[in-house]
>>> print(open('start17.pdb').read())   # PDB, C-alpha atoms and all ligand atoms
ATOM      1  CA  MET X 513      -6.783 -12.988 -15.060  1.00  0.00           C
ATOM      2  CA  GLN X 514      -3.290 -14.351 -15.405  1.00  0.00           C
ATOM      3  CA  VAL X 515      -0.451 -12.343 -13.854  1.00  0.00           C
ATOM      4  CA  VAL X 516       2.994 -13.380 -14.987  1.00  0.00           C
ATOM      5  CA  ASN X 517       5.540 -13.334 -12.168  1.00  0.00           C
ATOM      6  CA  SER X 518       8.441 -10.988 -12.775  1.00  0.00           C
ATOM      7  CA  ASP X 519      11.884 -12.165 -13.673  1.00  0.00           C
ATOM      8  CA  ALA X 520      13.900 -12.219 -10.414  1.00  0.00           C
ATOM      9  CA  ASN X 521      16.706 -10.250 -12.079  1.00  0.00           C
ATOM     10  CA  LEU X 522      14.664  -7.164 -12.968  1.00  0.00           C
ATOM     11  CA  SER X 523      15.818  -3.858 -11.489  1.00  0.00           C
ATOM     12  CA  LYS X 524      13.294  -2.067  -9.264  1.00  0.00           C
ATOM     13  CA  ALA X 525      12.552   0.483 -11.973  1.00  0.00           C
ATOM     14  CA  GLU X 526      11.928  -2.290 -14.552  1.00  0.00           C
ATOM     15  CA  ARG X 527       9.749  -4.204 -12.101  1.00  0.00           C
ATOM     16  CA  TYR X 528       7.579  -1.139 -11.403  1.00  0.00           C
ATOM     17  CA  ARG X 529       7.306  -0.423 -15.158  1.00  0.00           C
ATOM     18  CA  GLU X 530       6.106  -3.987 -15.727  1.00  0.00           C
ATOM     19  CA  LEU X 531       3.759  -3.698 -12.781  1.00  0.00           C
ATOM     20  CA  SER X 532       2.129  -0.539 -14.108  1.00  0.00           C
ATOM     21  CA  GLY X 533       1.365  -2.313 -17.426  1.00  0.00           C
ATOM     22  CA  GLN X 534      -0.196  -5.240 -15.537  1.00  0.00           C
ATOM     23  CA  LEU X 535      -2.157  -2.846 -13.337  1.00  0.00           C
ATOM     24  CA  ALA X 536      -3.512  -0.872 -16.288  1.00  0.00           C
ATOM     25  CA  ALA X 537      -4.823  -4.134 -17.792  1.00  0.00           C
ATOM     26  CA  LEU X 538      -6.311  -5.179 -14.452  1.00  0.00           C
ATOM     27  CA  LEU X 539      -8.140  -1.865 -13.956  1.00  0.00           C
ATOM     28  CA  ALA X 540      -9.432  -1.496 -17.519  1.00  0.00           C
ATOM     29  CA  GLY X 541     -13.237  -1.307 -17.604  1.00  0.00           C
ATOM     30  CA  GLU X 542     -13.745  -1.584 -13.835  1.00  0.00           C
ATOM     31  CA  ARG X 543     -14.666   1.385 -11.586  1.00  0.00           C
ATOM     32  CA  SER X 544     -15.251  -0.370  -8.253  1.00  0.00           C
ATOM     33  CA  GLY X 545     -12.709   1.039  -5.781  1.00  0.00           C
ATOM     34  CA  LEU X 546     -13.136  -1.998  -3.531  1.00  0.00           C
ATOM     35  CA  ALA X 547     -12.502  -4.518  -6.332  1.00  0.00           C
ATOM     36  CA  ASN X 548      -9.624  -2.511  -7.812  1.00  0.00           C
ATOM     37  CA  ALA X 549      -7.929  -1.990  -4.423  1.00  0.00           C
ATOM     38  CA  ALA X 550      -8.278  -5.734  -3.692  1.00  0.00           C
ATOM     39  CA  ASN X 551      -6.693  -6.650  -7.021  1.00  0.00           C
ATOM     40  CA  LEU X 552      -3.903  -4.080  -6.631  1.00  0.00           C
ATOM     41  CA  CYS X 553      -2.856  -5.482  -3.283  1.00  0.00           C
ATOM     42  CA  ALA X 554      -2.944  -9.060  -4.636  1.00  0.00           C
ATOM     43  CA  LEU X 555      -0.806  -7.938  -7.609  1.00  0.00           C
ATOM     44  CA  LEU X 556       1.740  -6.176  -5.369  1.00  0.00           C
ATOM     45  CA  TYR X 557       1.943  -9.161  -3.031  1.00  0.00           C
ATOM     46  CA  GLN X 558       2.515 -11.479  -5.977  1.00  0.00           C
ATOM     47  CA  VAL X 559       5.124  -9.520  -7.923  1.00  0.00           C
ATOM     48  CA  LEU X 560       7.155  -7.581  -5.319  1.00  0.00           C
ATOM     49  CA  PRO X 561       9.742  -9.626  -3.420  1.00  0.00           C
ATOM     50  CA  ASP X 562      10.226  -9.734   0.373  1.00  0.00           C
ATOM     51  CA  LEU X 563       6.807  -8.633   1.574  1.00  0.00           C
ATOM     52  CA  ASN X 564       4.802 -10.046   4.467  1.00  0.00           C
ATOM     53  CA  TRP X 565       1.815  -7.658   4.323  1.00  0.00           C
ATOM     54  CA  VAL X 566       0.176  -5.362   1.747  1.00  0.00           C
ATOM     55  CA  GLY X 567      -3.124  -3.622   2.248  1.00  0.00           C
ATOM     56  CA  PHE X 568      -5.362  -0.586   2.291  1.00  0.00           C
ATOM     57  CA  TYR X 569      -6.886   1.463   5.052  1.00  0.00           C
ATOM     58  CA  PHE X 570      -9.728   3.847   4.115  1.00  0.00           C
ATOM     59  CA  LEU X 571     -10.589   7.082   5.909  1.00  0.00           C
ATOM     60  CA  GLN X 572     -13.804   6.939   7.930  1.00  0.00           C
ATOM     61  CA  GLY X 573     -14.298  10.048  10.087  1.00  0.00           C
ATOM     62  CA  ASP X 574     -11.019  10.598  11.900  1.00  0.00           C
ATOM     63  CA  GLU X 575      -9.869   6.975  11.668  1.00  0.00           C
ATOM     64  CA  LEU X 576      -8.327   4.689   9.086  1.00  0.00           C
ATOM     65  CA  VAL X 577     -10.347   1.482   8.713  1.00  0.00           C
ATOM     66  CA  LEU X 578      -8.898  -1.757   7.338  1.00  0.00           C
ATOM     67  CA  GLY X 579      -9.698  -2.524   3.695  1.00  0.00           C
ATOM     68  CA  PRO X 580      -8.547  -5.259   1.290  1.00  0.00           C
ATOM     69  CA  PHE X 581      -5.204  -6.809   2.197  1.00  0.00           C
ATOM     70  CA  GLN X 582      -2.880  -9.797   1.798  1.00  0.00           C
ATOM     71  CA  GLY X 583      -1.029 -11.218   4.798  1.00  0.00           C
ATOM     72  CA  LYS X 584      -1.806 -11.920   8.446  1.00  0.00           C
ATOM     73  CA  VAL X 585      -4.887 -10.499  10.165  1.00  0.00           C
ATOM     74  CA  ALA X 586      -4.288  -6.854  11.066  1.00  0.00           C
ATOM     75  CA  CYS X 587      -5.543  -4.122  13.383  1.00  0.00           C
ATOM     76  CA  VAL X 588      -8.827  -2.728  12.097  1.00  0.00           C
ATOM     77  CA  ARG X 589      -8.824   0.939  13.177  1.00  0.00           C
ATOM     78  CA  ILE X 590      -5.922   3.399  13.315  1.00  0.00           C
ATOM     79  CA  ALA X 591      -6.415   6.993  14.482  1.00  0.00           C
ATOM     80  CA  ILE X 592      -5.023   9.728  12.228  1.00  0.00           C
ATOM     81  CA  GLY X 593      -1.597  10.646  13.606  1.00  0.00           C
ATOM     82  CA  ARG X 594      -0.978   7.189  15.159  1.00  0.00           C
ATOM     83  CA  GLY X 595       1.554   4.608  13.936  1.00  0.00           C
ATOM     84  CA  VAL X 596       3.203   4.734  10.540  1.00  0.00           C
ATOM     85  CA  CYS X 597      -0.144   4.681   8.697  1.00  0.00           C
ATOM     86  CA  GLY X 598      -1.732   7.418  10.785  1.00  0.00           C
ATOM     87  CA  THR X 599       1.385   9.592  10.519  1.00  0.00           C
ATOM     88  CA  ALA X 600       1.540   9.276   6.698  1.00  0.00           C
ATOM     89  CA  ALA X 601      -2.193  10.079   6.582  1.00  0.00           C
ATOM     90  CA  HIS X 602      -1.761  13.112   8.850  1.00  0.00           C
ATOM     91  CA  ARG X 603       1.176  14.452   6.821  1.00  0.00           C
ATOM     92  CA  LYS X 604      -0.402  13.453   3.480  1.00  0.00           C
ATOM     93  CA  GLU X 605       2.994  12.185   2.358  1.00  0.00           C
ATOM     94  CA  THR X 606       4.713   8.867   1.702  1.00  0.00           C
ATOM     95  CA  LEU X 607       6.663   7.508   4.679  1.00  0.00           C
ATOM     96  CA  VAL X 608       9.567   5.106   4.220  1.00  0.00           C
ATOM     97  CA  VAL X 609      10.532   3.451   7.514  1.00  0.00           C
ATOM     98  CA  PRO X 610      13.762   1.402   7.282  1.00  0.00           C
ATOM     99  CA  ASP X 611      13.380  -0.061  10.804  1.00  0.00           C
ATOM    100  CA  VAL X 612       9.890  -0.143  12.272  1.00  0.00           C
ATOM    101  CA  HIS X 613      11.256  -0.792  15.772  1.00  0.00           C
ATOM    102  CA  ALA X 614      12.951   2.614  15.672  1.00  0.00           C
ATOM    103  CA  PHE X 615       9.695   4.416  14.708  1.00  0.00           C
ATOM    104  CA  PRO X 616       8.015   5.894  17.799  1.00  0.00           C
ATOM    105  CA  GLY X 617       4.427   4.617  18.050  1.00  0.00           C
ATOM    106  CA  HIS X 618       4.745   1.949  15.342  1.00  0.00           C
ATOM    107  CA  ILE X 619       1.758  -0.405  15.533  1.00  0.00           C
ATOM    108  CA  ALA X 620       2.937  -4.019  15.259  1.00  0.00           C
ATOM    109  CA  CYS X 621       0.404  -6.231  13.462  1.00  0.00           C
ATOM    110  CA  ASP X 622       2.829  -8.964  12.368  1.00  0.00           C
ATOM    111  CA  ASP X 623       5.972  -9.619  14.448  1.00  0.00           C
ATOM    112  CA  ALA X 624       7.810 -10.471  11.214  1.00  0.00           C
ATOM    113  CA  SER X 625       7.652  -6.858   9.954  1.00  0.00           C
ATOM    114  CA  ALA X 626      11.025  -5.080   9.987  1.00  0.00           C
ATOM    115  CA  SER X 627      10.497  -2.220   7.515  1.00  0.00           C
ATOM    116  CA  GLU X 628       7.471  -0.468   6.068  1.00  0.00           C
ATOM    117  CA  ILE X 629       6.271   2.036   3.468  1.00  0.00           C
ATOM    118  CA  VAL X 630       2.963   3.881   3.582  1.00  0.00           C
ATOM    119  CA  VAL X 631       1.586   5.830   0.593  1.00  0.00           C
ATOM    120  CA  PRO X 632      -1.405   8.134   1.138  1.00  0.00           C
ATOM    121  CA  LEU X 633      -4.344   8.014  -1.282  1.00  0.00           C
ATOM    122  CA  LEU X 634      -4.916  11.653  -2.234  1.00  0.00           C
ATOM    123  CA  GLN X 635      -7.541  12.891  -4.698  1.00  0.00           C
ATOM    124  CA  ALA X 636      -7.213  16.627  -5.431  1.00  0.00           C
ATOM    125  CA  GLY X 637      -5.532  16.992  -2.024  1.00  0.00           C
ATOM    126  CA  ARG X 638      -8.307  15.098  -0.175  1.00  0.00           C
ATOM    127  CA  LEU X 639      -7.172  12.101   1.897  1.00  0.00           C
ATOM    128  CA  LEU X 640      -9.058   8.891   1.032  1.00  0.00           C
ATOM    129  CA  GLY X 641      -6.848   6.397   2.876  1.00  0.00           C
ATOM    130  CA  VAL X 642      -3.421   4.765   2.696  1.00  0.00           C
ATOM    131  CA  LEU X 643      -1.642   1.855   1.044  1.00  0.00           C
ATOM    132  CA  ASP X 644       0.664   0.049   3.507  1.00  0.00           C
ATOM    133  CA  LEU X 645       3.413  -2.481   2.680  1.00  0.00           C
ATOM    134  CA  ASP X 646       5.490  -4.368   5.268  1.00  0.00           C
ATOM    135  CA  SER X 647       8.670  -6.384   4.785  1.00  0.00           C
ATOM    136  CA  PRO X 648      10.533  -8.854   6.997  1.00  0.00           C
ATOM    137  CA  ARG X 649      13.776  -7.305   5.647  1.00  0.00           C
ATOM    138  CA  LEU X 650      15.268  -4.157   7.185  1.00  0.00           C
ATOM    139  CA  ALA X 651      15.434  -1.156   4.798  1.00  0.00           C
ATOM    140  CA  ARG X 652      13.473  -3.062   2.117  1.00  0.00           C
ATOM    141  CA  PHE X 653      11.903   0.152   0.721  1.00  0.00           C
ATOM    142  CA  ASP X 654      13.541   3.233  -0.835  1.00  0.00           C
ATOM    143  CA  GLN X 655      12.663   6.215  -3.015  1.00  0.00           C
ATOM    144  CA  GLU X 656      12.260   3.977  -6.097  1.00  0.00           C
ATOM    145  CA  ASP X 657       9.587   2.013  -4.244  1.00  0.00           C
ATOM    146  CA  ALA X 658       7.967   5.292  -3.169  1.00  0.00           C
ATOM    147  CA  ALA X 659       7.853   6.500  -6.802  1.00  0.00           C
ATOM    148  CA  GLY X 660       6.608   3.138  -8.157  1.00  0.00           C
ATOM    149  CA  LEU X 661       3.915   2.761  -5.519  1.00  0.00           C
ATOM    150  CA  GLU X 662       2.768   6.395  -5.831  1.00  0.00           C
ATOM    151  CA  ALA X 663       2.356   5.797  -9.582  1.00  0.00           C
ATOM    152  CA  ALA X 664       0.345   2.603  -8.912  1.00  0.00           C
ATOM    153  CA  VAL X 665      -1.874   4.462  -6.422  1.00  0.00           C
ATOM    154  CA  GLY X 666      -2.322   7.263  -8.983  1.00  0.00           C
ATOM    155  CA  LEU X 667      -3.582   4.738 -11.567  1.00  0.00           C
ATOM    156  CA  LEU X 668      -5.921   3.192  -8.988  1.00  0.00           C
ATOM    157  CA  LEU X 669      -7.390   6.577  -8.055  1.00  0.00           C
ATOM    158  CA  GLN X 670      -7.887   7.623 -11.687  1.00  0.00           C
ATOM    159  CA  SER X 671      -9.680   4.380 -12.499  1.00  0.00           C
ATOM    160  CA  SER X 672     -11.892   3.920  -9.455  1.00  0.00           C
ATOM    161  CA  GLU X 673     -14.748   5.280  -7.391  1.00  0.00           C
ATOM    162  CA  PHE X 674     -14.634   4.734  -3.653  1.00  0.00           C
ATOM    163  CA  GLY X 675     -18.177   5.763  -2.691  1.00  0.00           C
ATOM    164  CA  ARG X 676     -19.055   4.729   0.857  1.00  0.00           C
ATOM    165  CA  LEU X 677     -15.687   3.128   1.567  1.00  0.00           C
ATOM    166  CA  VAL X 678     -14.543   6.655   2.389  1.00  0.00           C
ATOM    167  CA  ASP X 679     -16.389   9.014   4.662  1.00  0.00           C
TER     168      ASP X 679
HETATM  169  N1  LIG Y   1       2.386  -0.923  11.151  1.00  0.00           N
HETATM  170  C1  LIG Y   1       1.260  -0.084  10.866  1.00  0.00           C
HETATM  171  C2  LIG Y   1      -0.047  -0.755  11.253  1.00  0.00           C
HETATM  172  C3  LIG Y   1      -0.662  -1.532  10.169  1.00  0.00           C
HETATM  173  S1  LIG Y   1       0.051  -3.017   9.951  1.00  0.00           S
HETATM  174  O1  LIG Y   1       1.462  -2.922   9.622  1.00  0.00           O
HETATM  175  C4  LIG Y   1      -0.777  -3.934   8.882  1.00  0.00           C
HETATM  176  C5  LIG Y   1       1.391   1.254  11.573  1.00  0.00           C
HETATM  177  O2  LIG Y   1       2.288   1.428  12.407  1.00  0.00           O
HETATM  178  O3  LIG Y   1       0.580   2.130  11.301  1.00  0.00           O
END
>>> encode(input="start17.pdb", output="structure tokens", more="lines below")
Ligand code: SME
Amino acid sequence: MQVVNSDANLSKAERYRELSGQLAALLAGERSGLANAANLCALLYQVLPDLNWVGFYFLQGDELVLGPFQGKVACVRIAIGRGVCGTAAHRKETLVVPDVHAFPGHIACDDASASEIVVPLLQAGRLLGVLDLDSPRLARFDQEDAAGLEAAVGLLLQSSEFGRLVD
């Protein structure tokens, strides 16, 4: 499938609107959570500027386990409550971290990362995992990114089954 790169001059809101149209087309007719999560992170990595890592962690027992991602190799298991991912999972809320070096317990997978956003995957209040994005730019993410990424995760969850990826 062809994904057209966004115009560099789009506002964040316009970029996320465009992205949700592309995502809806990408998810149409496919229920595999693994395939859909893999394509969502490829799409985000392709169309959002200033990212060095995008990926999923899925809940297995009391740990988050690495799923599909784009970027450098990453740590495989994160305990709930640890790092930015584990904290967002524990709180079941999106975390925007403008400077990862100022976040107590941040887990550094790529030295280039300066800021981060983590969006929990919640289905009827049940935690399935998290979506994590890293940027080499300080304060890259804000509430517009939180809203746009929560909407993208909502579409993914509506369209997919996660089966044994989540336990
Ligand atoms: N920085 C994350 C770990 C995952 S990597 O960024 C890919 C954290 O503190 O949870």
>>> residues_near_ligand(input="start17.pdb", ligand="ligand LIG 1 (chain Y)", cutoff="6 Å", atoms="all atoms listed in the file", output="PyMOL selection string")
chain X and resi 586+595-598+618-621
>>> atom_distance(input="start17.pdb", atom1="atom CA of Val566 of chain X", atom2="atom CA of Gly583 of chain X")
6.7 Å
>>> resolve_selection(input="start17.pdb", expression="the PyMOL selection byres (((chain X and resi 590) around 6) and not hetatm)", output="list in words")
Glu575, Leu576, Arg589 and Ala591 of chain X
>>> residues_near_point(input="start17.pdb", point="(13.7, -6.9, 10.6)", cutoff="12 Å", atoms="only C-alpha atoms", output="list in words")
Asp562, Leu563, Asn564, Val609, Pro610, Asp611, Val612, His613, Ala614, Asp622, Asp623, Ala624, Ser625, Ala626, Ser627, Glu628, Asp646, Ser647, Pro648, Arg649, Leu650, Ala651 and Arg652 of chain X
>>> closest_residue(input="start17.pdb", among="X:Val608, X:Ala540, X:Trp565, X:Arg594", to="Glu656 of chain X", atoms="all atoms listed in the file")
X:Val608
>>> atom_distance(input="start17.pdb", atom1="atom CA of Gly666 of chain X", atom2="atom CA of Leu633 of chain X")
8.0 Å
>>> residues_around(input="start17.pdb", residues="segment 544-561 of chain X", least_positions_apart="5", cutoff="10 Å", atoms="only C-alpha atoms", output="number ranges by chain")
X: 515-520, 524, 527-528, 530-531, 534-535, 538-539, 566-568, 579-583, 643-645, 647, 652, 657, 661, 664-665, 668-669, 671-677
>>> atom_distance(input="start17.pdb", atom1="atom CA of Asp574 of chain X", atom2="atom CA of Ala659 of chain X")
26.9 Å
>>> closest_residue(input="start17.pdb", among="X:Gln655, X:Arg529, X:Tyr569, X:Ala600", to="Cys587 of chain X", atoms="all atoms listed in the file")
X:Tyr569
>>> resolve_selection(input="start17.pdb", expression="the PyMOL selection byres (((chain X and resi 638) around 12) and not hetatm)", output="number ranges by chain")
X: 571, 601-605, 632-637, 639-642, 669, 678-679
>>> axis_aligned_box(input="start17.pdb", around="segment 553-556 of chain X", padding_each_side="6 Å", output="JSON")
{"center_x": -0.6, "center_y": -7.3, "center_z": -5.4, "size_x": 16.7, "size_y": 15.6, "size_z": 16.3}
>>> closest_residue(input="start17.pdb", among="X:Ala536, X:Leu667, X:Ala525, X:Val588", to="Asp654 of chain X", atoms="all atoms listed in the file")
X:Ala525
>>> build_atoms(input="start17.pdb", residues="segment 544-555 of chain X", atoms="all heavy atoms", output="compact mmCIF listing (two decimals), in the frame of the given file")
# COMPACT_ATOMS: atom_id res chain seq x y z
N SER X 544 -15.05 -0.11 -9.69
CA SER X 544 -15.25 -0.37 -8.25
C SER X 544 -13.94 -0.18 -7.49
O SER X 544 -12.97 -0.93 -7.71
CB SER X 544 -15.76 -1.80 -8.03
OG SER X 544 -15.54 -2.16 -6.67
N GLY X 545 -13.90 0.80 -6.59
CA GLY X 545 -12.71 1.04 -5.78
C GLY X 545 -12.36 -0.16 -4.91
O GLY X 545 -11.19 -0.49 -4.73
N LEU X 546 -13.39 -0.83 -4.39
CA LEU X 546 -13.14 -2.00 -3.53
C LEU X 546 -12.47 -3.12 -4.33
O LEU X 546 -11.45 -3.67 -3.93
CB LEU X 546 -14.46 -2.49 -2.92
CG LEU X 546 -14.35 -3.70 -2.00
CD1 LEU X 546 -13.45 -3.40 -0.80
CD2 LEU X 546 -15.74 -4.12 -1.52
N ALA X 547 -13.05 -3.44 -5.50
CA ALA X 547 -12.50 -4.52 -6.33
C ALA X 547 -11.10 -4.15 -6.83
O ALA X 547 -10.18 -4.99 -6.80
CB ALA X 547 -13.43 -4.78 -7.52
N ASN X 548 -10.92 -2.91 -7.26
CA ASN X 548 -9.62 -2.51 -7.81
C ASN X 548 -8.54 -2.46 -6.73
O ASN X 548 -7.40 -2.85 -6.97
CB ASN X 548 -9.74 -1.17 -8.54
CG ASN X 548 -10.50 -1.29 -9.85
OD1 ASN X 548 -10.65 -2.39 -10.38
ND2 ASN X 548 -10.97 -0.19 -10.39
N ALA X 549 -8.91 -2.00 -5.52
CA ALA X 549 -7.93 -1.99 -4.42
C ALA X 549 -7.55 -3.43 -4.05
O ALA X 549 -6.39 -3.74 -3.79
CB ALA X 549 -8.50 -1.25 -3.22
N ALA X 550 -8.55 -4.32 -4.03
CA ALA X 550 -8.28 -5.73 -3.69
C ALA X 550 -7.32 -6.35 -4.71
O ALA X 550 -6.35 -7.03 -4.35
CB ALA X 550 -9.59 -6.52 -3.65
N ASN X 551 -7.57 -6.08 -6.00
CA ASN X 551 -6.69 -6.65 -7.02
C ASN X 551 -5.31 -6.01 -7.00
O ASN X 551 -4.31 -6.70 -7.23
CB ASN X 551 -7.32 -6.51 -8.41
CG ASN X 551 -7.97 -7.81 -8.85
OD1 ASN X 551 -7.64 -8.88 -8.35
ND2 ASN X 551 -8.88 -7.71 -9.79
N LEU X 552 -5.23 -4.71 -6.70
CA LEU X 552 -3.90 -4.08 -6.63
C LEU X 552 -3.09 -4.70 -5.49
O LEU X 552 -1.91 -4.99 -5.66
CB LEU X 552 -4.01 -2.56 -6.46
CG LEU X 552 -2.68 -1.84 -6.23
CD1 LEU X 552 -1.64 -2.16 -7.32
CD2 LEU X 552 -2.89 -0.33 -6.14
N CYS X 553 -3.71 -4.94 -4.35
CA CYS X 553 -2.86 -5.48 -3.28
C CYS X 553 -2.48 -6.93 -3.58
O CYS X 553 -1.36 -7.35 -3.27
CB CYS X 553 -3.35 -5.18 -1.88
SG CYS X 553 -4.71 -6.03 -1.27
N ALA X 554 -3.33 -7.70 -4.23
CA ALA X 554 -2.94 -9.06 -4.64
C ALA X 554 -1.79 -9.01 -5.64
O ALA X 554 -0.83 -9.80 -5.55
CB ALA X 554 -4.14 -9.79 -5.24
N LEU X 555 -1.87 -8.07 -6.60
CA LEU X 555 -0.81 -7.94 -7.61
C LEU X 555 0.53 -7.57 -6.93
O LEU X 555 1.57 -8.19 -7.22
CB LEU X 555 -1.21 -6.86 -8.62
CG LEU X 555 -0.21 -6.54 -9.73
CD1 LEU X 555 -0.01 -7.74 -10.65
CD2 LEU X 555 -0.67 -5.34 -10.55
